[in-house]
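Have a look at work_19.pdb; it's PDB, C-alpha atoms and all ligand atoms:
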MODEL        1
ATOM      1  CA  MET A 146       0.000   0.000   0.000  1.00  0.00           C
ATOM      2  CA  LYS A 147       1.254   3.489  -0.884  1.00  0.00           C
ATOM      3  CA  ILE A 148       2.184   5.361   2.284  1.00  0.00           C
ATOM      4  CA  MET A 149       0.613   8.796   2.747  1.00  0.00           C
ATOM      5  CA  LYS A 150       3.047  11.729   3.031  1.00  0.00           C
ATOM      6  CA  ILE A 151       2.250  14.821   5.061  1.00  0.00           C
ATOM      7  CA  PHE A 152       4.373  17.960   5.342  1.00  0.00           C
ATOM      8  CA  LEU A 153       4.921  19.486   8.797  1.00  0.00           C
ATOM      9  CA  ALA A 154       4.831  23.198   8.087  1.00  0.00           C
ATOM     10  CA  THR A 155       7.034  24.343  10.950  1.00  0.00           C
ATOM     11  CA  ASN A 156      10.692  24.933  11.765  1.00  0.00           C
ATOM     12  CA  ASN A 157      10.122  24.564  15.522  1.00  0.00           C
ATOM     13  CA  LYS A 158      12.152  21.516  16.633  1.00  0.00           C
ATOM     14  CA  GLY A 159      10.167  21.141  19.864  1.00  0.00           C
ATOM     15  CA  LYS A 160       6.875  20.985  17.985  1.00  0.00           C
ATOM     16  CA  ILE A 161       8.277  18.596  15.365  1.00  0.00           C
ATOM     17  CA  LYS A 162       9.492  16.191  18.075  1.00  0.00           C
ATOM     18  CA  GLU A 163       6.112  16.147  19.831  1.00  0.00           C
ATOM     19  CA  ILE A 164       4.036  15.845  16.641  1.00  0.00           C
ATOM     20  CA  LYS A 165       6.208  12.969  15.391  1.00  0.00           C
ATOM     21  CA  GLU A 166       5.968  11.147  18.730  1.00  0.00           C
ATOM     22  CA  ILE A 167       2.208  11.487  19.011  1.00  0.00           C
ATOM     23  CA  LEU A 168       1.529  10.471  15.394  1.00  0.00           C
ATOM     24  CA  SER A 169       4.172   7.716  15.374  1.00  0.00           C
ATOM     25  CA  ASP A 170       1.657   4.843  15.265  1.00  0.00           C
ATOM     26  CA  LEU A 171      -0.047   6.146  12.106  1.00  0.00           C
ATOM     27  CA  ASN A 172       0.835   4.723   8.720  1.00  0.00           C
ATOM     28  CA  ILE A 173       1.969   8.086   7.352  1.00  0.00           C
ATOM     29  CA  GLU A 174       5.330   9.636   6.547  1.00  0.00           C
ATOM     30  CA  LEU A 175       5.829  13.020   8.146  1.00  0.00           C
ATOM     31  CA  LEU A 176       8.132  15.288   6.167  1.00  0.00           C
ATOM     32  CA  THR A 177       9.897  18.258   7.733  1.00  0.00           C
ATOM     33  CA  PRO A 178      11.463  21.251   5.921  1.00  0.00           C
ATOM     34  CA  LYS A 179      14.846  19.645   6.710  1.00  0.00           C
ATOM     35  CA  ASP A 180      13.781  16.354   5.087  1.00  0.00           C
ATOM     36  CA  LEU A 181      12.839  18.235   1.915  1.00  0.00           C
ATOM     37  CA  LYS A 182      15.924  20.482   2.134  1.00  0.00           C
ATOM     38  CA  ILE A 183      13.804  23.597   1.985  1.00  0.00           C
ATOM     39  CA  LYS A 184      13.346  26.633   4.192  1.00  0.00           C
ATOM     40  CA  PHE A 185       9.754  26.968   5.363  1.00  0.00           C
ATOM     41  CA  VAL A 186       8.836  30.655   5.454  1.00  0.00           C
ATOM     42  CA  CYS A 187       5.439  31.914   6.534  1.00  0.00           C
ATOM     43  CA  LYS A 188       4.614  35.304   8.015  1.00  0.00           C
ATOM     44  CA  GLU A 189       2.574  34.788  11.171  1.00  0.00           C
ATOM     45  CA  ASP A 190       0.483  37.928  10.945  1.00  0.00           C
ATOM     46  CA  GLY A 191      -2.985  36.513  11.575  1.00  0.00           C
ATOM     47  CA  ASP A 192      -5.244  37.769  14.373  1.00  0.00           C
ATOM     48  CA  SER A 193      -5.947  34.330  15.797  1.00  0.00           C
ATOM     49  CA  PHE A 194      -4.451  30.867  16.261  1.00  0.00           C
ATOM     50  CA  TYR A 195      -6.877  29.684  13.550  1.00  0.00           C
ATOM     51  CA  GLU A 196      -5.708  32.244  10.993  1.00  0.00           C
ATOM     52  CA  ASN A 197      -2.040  31.479  11.607  1.00  0.00           C
ATOM     53  CA  ALA A 198      -2.527  27.704  11.529  1.00  0.00           C
ATOM     54  CA  TYR A 199      -4.482  28.075   8.265  1.00  0.00           C
ATOM     55  CA  LYS A 200      -1.751  30.261   6.742  1.00  0.00           C
ATOM     56  CA  LYS A 201       0.958  27.751   7.648  1.00  0.00           C
ATOM     57  CA  ALA A 202      -1.009  24.785   6.264  1.00  0.00           C
ATOM     58  CA  ILE A 203      -1.787  26.543   2.960  1.00  0.00           C
ATOM     59  CA  THR A 204       1.764  27.897   2.587  1.00  0.00           C
ATOM     60  CA  GLY A 205       3.106  24.387   3.220  1.00  0.00           C
ATOM     61  CA  LEU A 206       0.797  22.878   0.604  1.00  0.00           C
ATOM     62  CA  LEU A 207       1.715  25.538  -1.977  1.00  0.00           C
ATOM     63  CA  GLN A 208       5.415  25.208  -1.250  1.00  0.00           C
ATOM     64  CA  THR A 209       5.669  21.405  -1.298  1.00  0.00           C
ATOM     65  CA  GLY A 210       2.559  20.012  -2.993  1.00  0.00           C
ATOM     66  CA  TYR A 211       1.997  17.740  -0.004  1.00  0.00           C
ATOM     67  CA  ILE A 212      -0.997  17.742   2.327  1.00  0.00           C
ATOM     68  CA  SER A 213       0.285  19.921   5.171  1.00  0.00           C
ATOM     69  CA  ILE A 214      -0.090  20.334   8.905  1.00  0.00           C
ATOM     70  CA  GLY A 215      -0.038  23.947  10.085  1.00  0.00           C
ATOM     71  CA  GLU A 216       0.153  24.382  13.846  1.00  0.00           C
ATOM     72  CA  ASP A 217      -0.254  27.546  15.878  1.00  0.00           C
ATOM     73  CA  SER A 218      -0.167  27.629  19.630  1.00  0.00           C
ATOM     74  CA  GLY A 219       0.459  29.859  22.593  1.00  0.00           C
ATOM     75  CA  LEU A 220       0.137  30.561  26.275  1.00  0.00           C
ATOM     76  CA  MET A 221      -2.652  32.682  27.740  1.00  0.00           C
ATOM     77  CA  ILE A 222      -2.201  34.024  31.259  1.00  0.00           C
ATOM     78  CA  ASP A 223      -5.275  35.249  33.154  1.00  0.00           C
ATOM     79  CA  TYR A 224      -3.402  37.903  35.151  1.00  0.00           C
ATOM     80  CA  LEU A 225      -2.046  39.350  31.877  1.00  0.00           C
ATOM     81  CA  ASN A 226      -5.512  39.402  30.267  1.00  0.00           C
ATOM     82  CA  GLY A 227      -4.673  36.517  27.954  1.00  0.00           C
ATOM     83  CA  ALA A 228      -1.158  37.658  26.969  1.00  0.00           C
ATOM     84  CA  PRO A 229       1.149  36.559  25.448  1.00  0.00           C
ATOM     85  CA  GLY A 230      -1.430  34.598  23.354  1.00  0.00           C
ATOM     86  CA  ILE A 231      -0.660  34.609  19.626  1.00  0.00           C
ATOM     87  CA  LYS A 232       2.479  36.631  20.433  1.00  0.00           C
ATOM     88  CA  SER A 233       3.911  33.830  22.613  1.00  0.00           C
ATOM     89  CA  SER A 234       7.002  33.179  20.510  1.00  0.00           C
ATOM     90  CA  HIS A 235       8.029  36.845  20.453  1.00  0.00           C
ATOM     91  CA  PHE A 236       6.753  38.192  23.782  1.00  0.00           C
ATOM     92  CA  ALA A 237      10.111  39.610  24.886  1.00  0.00           C
ATOM     93  CA  LYS A 238      12.164  42.058  22.803  1.00  0.00           C
ATOM     94  CA  LYS A 239      14.833  39.427  22.252  1.00  0.00           C
ATOM     95  CA  LYS A 240      12.663  36.734  20.709  1.00  0.00           C
ATOM     96  CA  ASN A 241      13.850  33.629  22.509  1.00  0.00           C
ATOM     97  CA  ASP A 242      12.444  31.184  25.076  1.00  0.00           C
ATOM     98  CA  GLU A 243      14.794  32.319  27.853  1.00  0.00           C
ATOM     99  CA  GLU A 244      13.829  35.986  27.524  1.00  0.00           C
ATOM    100  CA  ASN A 245      10.114  35.206  27.099  1.00  0.00           C
ATOM    101  CA  ILE A 246      10.159  33.226  30.358  1.00  0.00           C
ATOM    102  CA  LYS A 247      12.043  36.001  32.167  1.00  0.00           C
ATOM    103  CA  LYS A 248       9.439  38.526  31.032  1.00  0.00           C
ATOM    104  CA  VAL A 249       6.517  36.394  32.252  1.00  0.00           C
ATOM    105  CA  LEU A 250       8.163  35.762  35.636  1.00  0.00           C
ATOM    106  CA  ARG A 251       8.938  39.467  36.000  1.00  0.00           C
ATOM    107  CA  LEU A 252       5.330  40.475  35.206  1.00  0.00           C
ATOM    108  CA  LEU A 253       3.986  37.895  37.671  1.00  0.00           C
ATOM    109  CA  LYS A 254       6.478  38.622  40.465  1.00  0.00           C
ATOM    110  CA  GLY A 255       4.736  38.546  43.850  1.00  0.00           C
ATOM    111  CA  VAL A 256       1.394  37.459  42.336  1.00  0.00           C
ATOM    112  CA  GLU A 257      -0.259  34.745  44.456  1.00  0.00           C
ATOM    113  CA  LYS A 258      -0.859  31.222  43.125  1.00  0.00           C
ATOM    114  CA  GLU A 259      -4.648  31.632  42.662  1.00  0.00           C
ATOM    115  CA  LYS A 260      -3.985  34.492  40.268  1.00  0.00           C
ATOM    116  CA  ARG A 261      -1.333  32.682  38.221  1.00  0.00           C
ATOM    117  CA  LYS A 262      -3.847  30.635  36.203  1.00  0.00           C
ATOM    118  CA  ALA A 263      -2.963  30.095  32.556  1.00  0.00           C
ATOM    119  CA  LYS A 264      -3.742  27.841  29.637  1.00  0.00           C
ATOM    120  CA  PHE A 265      -2.034  26.679  26.495  1.00  0.00           C
ATOM    121  CA  LYS A 266      -4.006  26.550  23.275  1.00  0.00           C
ATOM    122  CA  CYS A 267      -3.157  24.730  20.063  1.00  0.00           C
ATOM    123  CA  VAL A 268      -4.896  24.870  16.688  1.00  0.00           C
ATOM    124  CA  ILE A 269      -3.941  22.476  13.924  1.00  0.00           C
ATOM    125  CA  ALA A 270      -4.970  23.034  10.317  1.00  0.00           C
ATOM    126  CA  LEU A 271      -4.741  20.168   7.839  1.00  0.00           C
ATOM    127  CA  SER A 272      -4.724  21.364   4.230  1.00  0.00           C
ATOM    128  CA  LEU A 273      -6.048  18.486   2.131  1.00  0.00           C
ATOM    129  CA  SER A 274      -6.337  20.908  -0.794  1.00  0.00           C
ATOM    130  CA  LEU A 275      -6.477  24.696  -1.196  1.00  0.00           C
ATOM    131  CA  LYS A 276     -10.234  24.554  -0.670  1.00  0.00           C
ATOM    132  CA  LYS A 277     -10.418  21.803   1.914  1.00  0.00           C
ATOM    133  CA  VAL A 278      -8.839  22.610   5.264  1.00  0.00           C
ATOM    134  CA  LYS A 279      -9.773  20.784   8.473  1.00  0.00           C
ATOM    135  CA  PHE A 280      -9.183  22.233  11.948  1.00  0.00           C
ATOM    136  CA  PHE A 281      -8.445  20.524  15.268  1.00  0.00           C
ATOM    137  CA  GLU A 282      -8.084  22.271  18.606  1.00  0.00           C
ATOM    138  CA  GLY A 283      -6.792  21.502  22.096  1.00  0.00           C
ATOM    139  CA  GLU A 284      -6.331  23.318  25.395  1.00  0.00           C
ATOM    140  CA  CYS A 285      -4.447  22.571  28.584  1.00  0.00           C
ATOM    141  CA  GLU A 286      -5.148  24.471  31.799  1.00  0.00           C
ATOM    142  CA  GLY A 287      -2.674  25.069  34.574  1.00  0.00           C
ATOM    143  CA  TYR A 288      -0.721  27.829  36.276  1.00  0.00           C
ATOM    144  CA  ILE A 289       2.605  29.631  36.101  1.00  0.00           C
ATOM    145  CA  SER A 290       5.272  28.561  38.597  1.00  0.00           C
ATOM    146  CA  GLU A 291       7.346  31.077  40.549  1.00  0.00           C
ATOM    147  CA  LYS A 292      10.612  29.907  39.045  1.00  0.00           C
ATOM    148  CA  LYS A 293      11.939  27.816  36.176  1.00  0.00           C
ATOM    149  CA  MET A 294      11.882  24.061  36.799  1.00  0.00           C
ATOM    150  CA  GLY A 295      13.128  21.354  34.439  1.00  0.00           C
ATOM    151  CA  ASP A 296      14.978  21.306  31.151  1.00  0.00           C
ATOM    152  CA  LYS A 297      12.861  19.131  28.854  1.00  0.00           C
ATOM    153  CA  GLY A 298      10.522  20.428  26.149  1.00  0.00           C
ATOM    154  CA  PHE A 299      10.614  23.951  24.753  1.00  0.00           C
ATOM    155  CA  GLY A 300       9.118  27.417  25.062  1.00  0.00           C
ATOM    156  CA  TYR A 301       7.364  28.096  28.356  1.00  0.00           C
ATOM    157  CA  ASP A 302       7.531  24.438  29.491  1.00  0.00           C
ATOM    158  CA  PRO A 303       9.841  25.227  32.476  1.00  0.00           C
ATOM    159  CA  ILE A 304       7.247  27.564  34.049  1.00  0.00           C
ATOM    160  CA  PHE A 305       3.907  25.885  33.200  1.00  0.00           C
ATOM    161  CA  ILE A 306       2.371  23.460  35.714  1.00  0.00           C
ATOM    162  CA  PRO A 307      -0.650  21.620  34.257  1.00  0.00           C
ATOM    163  CA  LYS A 308      -3.803  21.287  36.398  1.00  0.00           C
ATOM    164  CA  GLY A 309      -3.705  18.205  38.658  1.00  0.00           C
ATOM    165  CA  TYR A 310       0.101  18.011  38.623  1.00  0.00           C
ATOM    166  CA  ASN A 311       2.825  19.548  40.754  1.00  0.00           C
ATOM    167  CA  LYS A 312       5.546  19.501  38.122  1.00  0.00           C
ATOM    168  CA  THR A 313       6.166  21.749  35.144  1.00  0.00           C
ATOM    169  CA  PHE A 314       5.867  20.446  31.572  1.00  0.00           C
ATOM    170  CA  ALA A 315       9.681  20.615  31.453  1.00  0.00           C
ATOM    171  CA  LEU A 316       9.888  18.156  34.367  1.00  0.00           C
ATOM    172  CA  LEU A 317       7.081  15.903  33.126  1.00  0.00           C
ATOM    173  CA  GLY A 318       8.906  15.041  29.903  1.00  0.00           C
ATOM    174  CA  GLU A 319       7.066  12.406  27.830  1.00  0.00           C
ATOM    175  CA  GLU A 320       3.992  12.575  30.094  1.00  0.00           C
ATOM    176  CA  LYS A 321       3.362  15.986  28.495  1.00  0.00           C
ATOM    177  CA  ASN A 322       2.400  14.223  25.265  1.00  0.00           C
ATOM    178  CA  LYS A 323      -0.595  12.595  26.982  1.00  0.00           C
ATOM    179  CA  ILE A 324      -2.151  15.759  28.380  1.00  0.00           C
ATOM    180  CA  SER A 325      -0.932  18.806  26.478  1.00  0.00           C
ATOM    181  CA  HIS A 326      -2.927  21.172  24.267  1.00  0.00           C
ATOM    182  CA  ARG A 327      -0.970  19.838  21.263  1.00  0.00           C
ATOM    183  CA  ALA A 328      -1.650  16.209  22.215  1.00  0.00           C
ATOM    184  CA  LYS A 329      -5.396  16.914  22.505  1.00  0.00           C
ATOM    185  CA  ALA A 330      -5.517  18.517  19.040  1.00  0.00           C
ATOM    186  CA  LEU A 331      -3.356  15.744  17.576  1.00  0.00           C
ATOM    187  CA  PHE A 332      -5.536  12.957  19.045  1.00  0.00           C
ATOM    188  CA  GLN A 333      -8.453  14.362  17.010  1.00  0.00           C
ATOM    189  CA  LEU A 334      -6.293  14.756  13.902  1.00  0.00           C
ATOM    190  CA  LYS A 335      -5.181  11.154  14.346  1.00  0.00           C
ATOM    191  CA  LYS A 336      -8.773   9.935  14.476  1.00  0.00           C
ATOM    192  CA  PHE A 337      -9.538  11.867  11.282  1.00  0.00           C
ATOM    193  CA  LEU A 338      -6.440  10.557   9.473  1.00  0.00           C
ATOM    194  CA  LYS A 339      -7.153   6.963  10.500  1.00  0.00           C
ATOM    195  CA  GLU A 340     -10.590   7.229   8.884  1.00  0.00           C
ATOM    196  CA  LEU A 341      -9.111   8.917   5.809  1.00  0.00           C
ATOM    197  CA  ILE A 342      -6.490   6.200   5.345  1.00  0.00           C
ATOM    198  CA  SER A 343      -8.835   3.247   5.885  1.00  0.00           C
TER     199      SER A 343
HETATM  200  P1  LIG B   1       4.026  29.790  17.109  1.00  0.00           P
HETATM  201  O1  LIG B   1       2.905  28.775  17.085  1.00  0.00           O
HETATM  202  O2  LIG B   1       5.072  29.524  16.110  1.00  0.00           O
HETATM  203  O3  LIG B   1       3.495  31.194  17.124  1.00  0.00           O
HETATM  204  O4  LIG B   1       4.797  29.599  18.480  1.00  0.00           O
HETATM  205  C1  LIG B   1       4.116  29.263  19.620  1.00  0.00           C
HETATM  206  C2  LIG B   1       4.898  29.711  20.838  1.00  0.00           C
HETATM  207  O5  LIG B   1       4.060  29.437  21.960  1.00  0.00           O
HETATM  208  C3  LIG B   1       6.174  28.909  21.058  1.00  0.00           C
HETATM  209  O6  LIG B   1       7.296  29.540  20.507  1.00  0.00           O
HETATM  210  C4  LIG B   1       6.233  28.855  22.570  1.00  0.00           C
HETATM  211  O7  LIG B   1       6.794  30.025  23.066  1.00  0.00           O
HETATM  212  C5  LIG B   1       4.767  28.812  22.983  1.00  0.00           C
HETATM  213  N1  LIG B   1       4.299  27.421  23.088  1.00  0.00           N
HETATM  214  C6  LIG B   1       3.387  26.785  22.294  1.00  0.00           C
HETATM  215  N2  LIG B   1       3.222  25.525  22.678  1.00  0.00           N
HETATM  216  C7  LIG B   1       4.063  25.332  23.710  1.00  0.00           C
HETATM  217  C8  LIG B   1       4.362  24.201  24.507  1.00  0.00           C
HETATM  218  O8  LIG B   1       3.867  23.082  24.316  1.00  0.00           O
HETATM  219  N3  LIG B   1       5.263  24.414  25.475  1.00  0.00           N
HETATM  220  C9  LIG B   1       5.852  25.598  25.712  1.00  0.00           C
HETATM  221  N4  LIG B   1       5.637  26.673  24.983  1.00  0.00           N
HETATM  222  C10 LIG B   1       4.737  26.543  23.976  1.00  0.00           C
ENDMDL
END

For this file, write the structure as structure tokens.
Amino acid sequence: MKIMKIFLATNNKGKIKEIKEILSDLNIELLTPKDLKIKFVCKEDGDSFYENAYKKAITGLLQTGYISIGEDSGLMIDYLNGAPGIKSSHFAKKKNDEENIKKVLRLLKGVEKEKRKAKFKCVIALSLSLKKVKFFEGECEGYISEKKMGDKGFGYDPIFIPKGYNKTFALLGEEKNKISHRAKALFQLKKFLKELIS
């Protein structure tokens, strides 16, 4: 049987690792920009996770000709009225994980635990064609820790403690892939792809 190929329209190594792990039991070949020796470029200027995920999935399809997965995600902190949200990857002036985390911890300094509630959101767009795009969504609630803990994962993982746990995503490691926003969206995508393949 011909194996289905899907392009992962992202350069984020952390996302690629998680998506590959979660979809590993599907009979599909996931292709990254590195696999295809291309540079994936897509301006993330949408007003929502949906718009950005859609843009990535369509850009990926146009660039490679393969059905593409576009993923957009971010962290929303209650105390900061939902920030950083769609700006999660470039919240601090120096756009890197370390500086983004420092900025969040600085803005939440002295804020009590009850007010440190936050959630991650992930939207996945699957571009089957230019006119047929399917969306899948997942959320994970939790709160922001007072300091960085753990070195696994990426982004805000060292300061996000999911609800019902007492460890950050960066300490939970593989367990993250059972409960995260991305896992929840990918479980639905998986169900859809299984039906599509069969
Ligand atoms: P974008 O989807 O490329 O805009 O990037 C999403 C940004 O949100 C990442 O660069 C991270 O800062 C943050 N983010 C999204 N998902 C996660 C996650 O699972 N763990 C930690 N940070 C995340």

As an exercise, work out the distance from atom O8 of ligand LIG 1 (chain B) to atom CA of A:Lys339 in Å and give it to one decimal place.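 Distance reported for this atom pair: 23.9 Å.
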
Residue by residue, what does the PyMOL selection byres (((chain A and resi 245-250) around 8) and not hetatm) grab here? Present the result as a PDB file with C-alpha atoms, in the frame of the given file.
ATOM      1  CA  SER A 233       3.911  33.830  22.613  1.00  0.00           C
ATOM      2  CA  SER A 234       7.002  33.179  20.510  1.00  0.00           C
ATOM      3  CA  HIS A 235       8.029  36.845  20.453  1.00  0.00           C
ATOM      4  CA  PHE A 236       6.753  38.192  23.782  1.00  0.00           C
ATOM      5  CA  ALA A 237      10.111  39.610  24.886  1.00  0.00           C
ATOM      6  CA  LYS A 239      14.833  39.427  22.252  1.00  0.00           C
ATOM      7  CA  LYS A 240      12.663  36.734  20.709  1.00  0.00           C
ATOM      8  CA  ASN A 241      13.850  33.629  22.509  1.00  0.00           C
ATOM      9  CA  ASP A 242      12.444  31.184  25.076  1.00  0.00           C
ATOM     10  CA  GLU A 243      14.794  32.319  27.853  1.00  0.00           C
ATOM     11  CA  GLU A 244      13.829  35.986  27.524  1.00  0.00           C
ATOM     12  CA  ARG A 251       8.938  39.467  36.000  1.00  0.00           C
ATOM     13  CA  LEU A 252       5.330  40.475  35.206  1.00  0.00           C
ATOM     14  CA  LEU A 253       3.986  37.895  37.671  1.00  0.00           C
ATOM     15  CA  LYS A 254       6.478  38.622  40.465  1.00  0.00           C
ATOM     16  CA  GLU A 291       7.346  31.077  40.549  1.00  0.00           C
ATOM     17  CA  LYS A 292      10.612  29.907  39.045  1.00  0.00           C
ATOM     18  CA  GLY A 300       9.118  27.417  25.062  1.00  0.00           C
ATOM     19  CA  TYR A 301       7.364  28.096  28.356  1.00  0.00           C
ATOM     20  CA  ILE A 304       7.247  27.564  34.049  1.00  0.00           C
TER      21      ILE A 304
END

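Proximity to A:Val268 at 10 Å, evaluated using all atoms listed in the file and with sequence-adjacent residues fewer than 3 positions away removed, yields Ser193, Phe194, Tyr195, Glu196, Asn197, Ala198, Tyr199, Gly215, Glu216, Asp217, Ser218, Gly219, Phe280, Phe281, Glu282, Gly283, Glu284, His326, Arg327, Lys329, Ala330 and Leu331 of chain A.
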
Give me the box for ligand LIG 1 (chain B) as JSON, namely the centre and edge lengths in Å to one decimal of a box along x, y and z that holds every listed atom plus 6 Å on each side.
{"center_x": 5.1, "center_y": 27.1, "center_z": 20.9, "size_x": 16.4, "size_y": 20.1, "size_z": 21.6}

Of the listed residues A:Ala263, A:Leu338, A:Ile203, A:Leu273, that which approaches ligand LIG 1 (chain B) most closely, counting only C-alpha atoms and all ligand atoms: A:Ala263

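Nearest residue to ligand LIG 1 (chain B) among A:Lys276, A:Lys260, A:Lys162, A:Lys335 is A:Lys162, counting only C-alpha atoms and all ligand atoms.
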
Name all residues at most 12 Å from A:Ser169 (count only C-alpha atoms; drop same-chain ones fewer than 4 positions away) and give them as a VMD selection string. chain A and resid 161 to 165 173 to 175 322 331 to 332 335

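Shortest separation to ligand LIG 1 (chain B) among A:Lys279, A:Lys258, A:Lys323, A:Lys336 occurs at residue A:Lys323, atoms counted being all atoms listed in the file.
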
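Put simply, atom CA of A:Ile231 is 25.3 Å away from atom CA of A:Ile183.
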
Find, counting all atoms listed in the file, the residue in A:Leu171, A:Ala315, A:Val186, A:Leu275 that gets nearest to ligand LIG 1 (chain B).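 For ligand LIG 1 (chain B), the nearest of the given residues is A:Ala315.
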
Hits of the PyMOL selection byres (((chain A and resi 153) around 10) and not hetatm) in this structure, as a PyMOL selection string: chain A and resi 150-152+154-157+160-161+164-165+175-178+185+201-202+205-206+211-216+271

Could you write out that same residue set with C-alpha atoms as a PDB file, in the coordinates of the input?
ATOM      1  CA  LYS A 150       3.047  11.729   3.031  1.00  0.00           C
ATOM      2  CA  ILE A 151       2.250  14.821   5.061  1.00  0.00           C
ATOM      3  CA  PHE A 152       4.373  17.960   5.342  1.00  0.00           C
ATOM      4  CA  ALA A 154       4.831  23.198   8.087  1.00  0.00           C
ATOM      5  CA  THR A 155       7.034  24.343  10.950  1.00  0.00           C
ATOM      6  CA  ASN A 156      10.692  24.933  11.765  1.00  0.00           C
ATOM      7  CA  ASN A 157      10.122  24.564  15.522  1.00  0.00           C
ATOM      8  CA  LYS A 160       6.875  20.985  17.985  1.00  0.00           C
ATOM      9  CA  ILE A 161       8.277  18.596  15.365  1.00  0.00           C
ATOM     10  CA  ILE A 164       4.036  15.845  16.641  1.00  0.00           C
ATOM     11  CA  LYS A 165       6.208  12.969  15.391  1.00  0.00           C
ATOM     12  CA  LEU A 175       5.829  13.020   8.146  1.00  0.00           C
ATOM     13  CA  LEU A 176       8.132  15.288   6.167  1.00  0.00           C
ATOM     14  CA  THR A 177       9.897  18.258   7.733  1.00  0.00           C
ATOM     15  CA  PRO A 178      11.463  21.251   5.921  1.00  0.00           C
ATOM     16  CA  PHE A 185       9.754  26.968   5.363  1.00  0.00           C
ATOM     17  CA  LYS A 201       0.958  27.751   7.648  1.00  0.00           C
ATOM     18  CA  ALA A 202      -1.009  24.785   6.264  1.00  0.00           C
ATOM     19  CA  GLY A 205       3.106  24.387   3.220  1.00  0.00           C
ATOM     20  CA  LEU A 206       0.797  22.878   0.604  1.00  0.00           C
ATOM     21  CA  TYR A 211       1.997  17.740  -0.004  1.00  0.00           C
ATOM     22  CA  ILE A 212      -0.997  17.742   2.327  1.00  0.00           C
ATOM     23  CA  SER A 213       0.285  19.921   5.171  1.00  0.00           C
ATOM     24  CA  ILE A 214      -0.090  20.334   8.905  1.00  0.00           C
ATOM     25  CA  GLY A 215      -0.038  23.947  10.085  1.00  0.00           C
ATOM     26  CA  GLU A 216       0.153  24.382  13.846  1.00  0.00           C
ATOM     27  CA  LEU A 271      -4.741  20.168   7.839  1.00  0.00           C
TER      28      LEU A 271
END

List as a VMD selection string the protein and nucleic acid residues near A:Thr204, meaning an atom at most 7 Å away when only C-alpha atoms are counted, but skip any in the same chain fewer than 4 places from it. chain A and resid 187 200 208

Put those residues in a file: C-alpha atoms, as a CSV table (one decimal), keeping the file's coordinate frame.
chain,number,residue,atom,x,y,z
A,187,CYS,CA,5.4,31.9,6.5
A,200,LYS,CA,-1.8,30.3,6.7
A,208,GLN,CA,5.4,25.2,-1.2

For ligand LIG 1 (chain B), which of A:Val278, A:Leu168, A:Cys285, A:Leu181 is the closest residue, counting all atoms listed in the file?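 Of A:Val278, A:Leu168, A:Cys285, A:Leu181, the one nearest ligand LIG 1 (chain B) is A:Cys285, counting all atoms listed in the file.
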
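Proximity to ligand LIG 1 (chain B) was assessed for A:Ile306, A:Ile342, A:Ile148, A:Leu220 counting all atoms listed in the file; the smallest distance is recorded for A:Leu220.
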
In Å, with one decimal, what is the gap from atom CA of A:Gly298 to atom CA of A:Ala270?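 Atom CA of A:Ala270 lies at a distance of 22.3 Å from atom CA of A:Gly298.
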
As a PyMOL selection string, please: the residues near A:Tyr310 (cut-off 12 Å, all atoms listed in the file, same-chain neighbours under 6 positions excluded). chain A and resi 285-288+290+316-317+320-321+324
